[in-house]
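A.B. asks: Please find one structure pasted underneath; my questions will follow.
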Amino acid sequence: MSLKHPRIALTCLALAVAGAGTAVAVGAAVQSDQPPPEVHAVRGAQPDTAVIDGLGAFREPLATVSDGSSQGKLERLLASAANDGLAVGNADFDLARAVPVVGWSAEAWIAPAGDGACIYLPDPVDGYGAGCSTLEQIDAGKAYSVLFGGGLPQGKVMIAFLVPDGGEAPRVVHTDGSVTSLAVRSNLAAGLLSSTDKVETDGAGLDLSLFKDPTKVRGVSG
């Protein structure tokens with residue numbers, strides 16, 4: 001499935017968008033002088049036991065969601081993706097958990113799917129941008145989704161990292177050299193950041209300016 005952006009086409013087996021006007025990069029953004037990473041399709045809908053055991057979010061009790069979203073709403077929005085056999089639509093939404101997006105008024109979601117988990121980022125136009133990563137990618141600190149363009153404030157990028165149980169919070173490096181941490185809740189760290197920021201984990205470093213000028217991005221993976 002591919003998502004068209006005015007200056008870039010993002011193609012990924014683990015990518016779906018319910019809404020319009022924004023783009024989602026899933027996995028790892030790659031500059032044009034590097035080969036795109038291998039795309040991994042998360043298999044099936046029934047989550048593996050290892051995913052439930054490895055991500056405490058899915059063992060937590062359900063909490064009230066301030067924007068009125070629900071597991072049922074996600075399931076309806078991503079129904080077309082499920083029909084296409086994509087993990088973002090086939091996730092177990094009964095186990096979905098909502099997480100606040102720092103600096104934004106809506107929640108992101110995390111849900112298990114097969115041998116991994118999916119991130120659902122609130123699209124300011126309508127619906128959600130979504131992508132999935134394997135448990136191996138999550139454990140390596142390389143599982144993230146980025147939403148940019150469209151109805152987001154100018155110069156801002158929405159990003160969410162999947163963090164394993166006991167994993168360190170992603171570090172945000174600002175242009176003045178200061179470093180802050182992105183709070184982790186239910187294995188997800190989500191925030192609306194400046195496109196001049198850089199985000200670091202033990203397994204990945206991500207320059208958000210890639211998404212300010214999408215022509216620098218070659219490929220994405222999930």
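Ligands are numbered from 1 in the order shown, residues from 1 within each chain, and chains are lettered A, B, ... in the order they appear in the structure tokens.
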So that I can check the secondary structure, give me every residue of stretch 119-199 of chain A assigned helix (DSSP H, G or I) by backbone DSSP, as a PDB file with C-alpha atoms, in the first residue's frame.
C.D. replies:
```pdb
ATOM      1  CA  LEU A 135       9.048  -6.972  18.630  1.00  0.00           C
ATOM      2  CA  GLU A 136      12.667  -7.322  17.492  1.00  0.00           C
ATOM      3  CA  GLN A 137      12.642  -3.762  16.110  1.00  0.00           C
ATOM      4  CA  ILE A 138      11.021  -2.481  19.308  1.00  0.00           C
ATOM      5  CA  ASP A 139      13.623  -4.181  21.479  1.00  0.00           C
TER       6      ASP A 139
END
```
A.B. asks: What separation in Å, quoted to one decimal, exists between atom CA of A:Ala57 and atom CA of A:Ser186?
C.D. replies: 4.3 Å
A.B. asks: Fewer than 4 positions away in the same chain doesn't count, so skip those; otherwise give me all residues within 10 Å of stretch 45-55 of chain A, counting only C-alpha atoms, as a count of residues only.
C.D. replies: 33
A.B. asks: Taking 6 positions as the minimum chain separation for residues in the same chain, which residues sit within 12 Å of A:Lys73 when counting only C-alpha atoms? Answer as a list in words.
C.D. replies: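 After dropping sequence-adjacent residues, the list is Ala18, Asp67, Ala79, Gly89, Phe93, Asp94, Ala96, Trp109, Tyr120, Gly127 and Tyr128 of chain A.
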A.B. asks: In stretch 90-216 of chain A, what's strand (DSSP E) per DSSP? Answer as a VMD selection string?
C.D. replies: chain A and resid 97 to 100 107 to 113 116 to 122 128 to 134 144 to 148 156 to 162 171 to 173 179 to 181 188 to 194 198 to 200 205 to 207
A.B. asks: Would you list the contacts of stretch 142-144 of chain A as a ChimeraX atom specification, taking every protein, DNA or RNA residue within 9 Å and counting only C-alpha atoms, but skipping same-chain residues closer than 2 positions in sequence?
C.D. replies: /A:25-28,119,131-140,146,159-163,201-205,222
A.B. asks: As a list in words, please: the residues near A:Asp176 (cut-off 12 Å, only C-alpha atoms, same-chain neighbours under 5 positions excluded).
C.D. replies: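 Counting only the stated atoms, we get Thr196, Asp197 and Lys198 of chain A.
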A.B. asks: Just to confirm, what's the straight-line distance from atom CA of A:Pro122 to atom CA of A:Ala108 in Å (one decimal)?
C.D. replies: 5.9 Å
A.B. asks: Calculated over only C-alpha atoms, which of the candidates A:Gly167, A:Pro100, A:Gly56, A:Gly141 has the smallest distance to A:Val199?
C.D. replies: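 Going through A:Gly167, A:Pro100, A:Gly56, A:Gly141 one by one, the smallest distance to A:Val199 is for A:Gly141.
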A.B. asks: For the atom pair atom CA of A:Gly155 and atom CA of A:Ser209, what is the interatomic distance in Å to one decimal place?
C.D. replies: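 Value for the atom CA of A:Gly155-atom CA of A:Ser209 distance: 9.1 Å.
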A.B. asks: Between A:Pro124, A:Pro61, A:Gly103, A:Pro170, which is the closest to A:Gly149 once you count only C-alpha atoms?
C.D. replies: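 Closest to A:Gly149 of all the choices is A:Pro124.
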A.B. asks: Could you check the closest approach to A:Ser195 for each of A:Ala183, A:Leu152, A:Leu210, A:Ala130 and tell me which residue wins, using only C-alpha atoms?
C.D. replies: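 Checking each candidate against A:Ser195, we get A:Leu210 as the closest.
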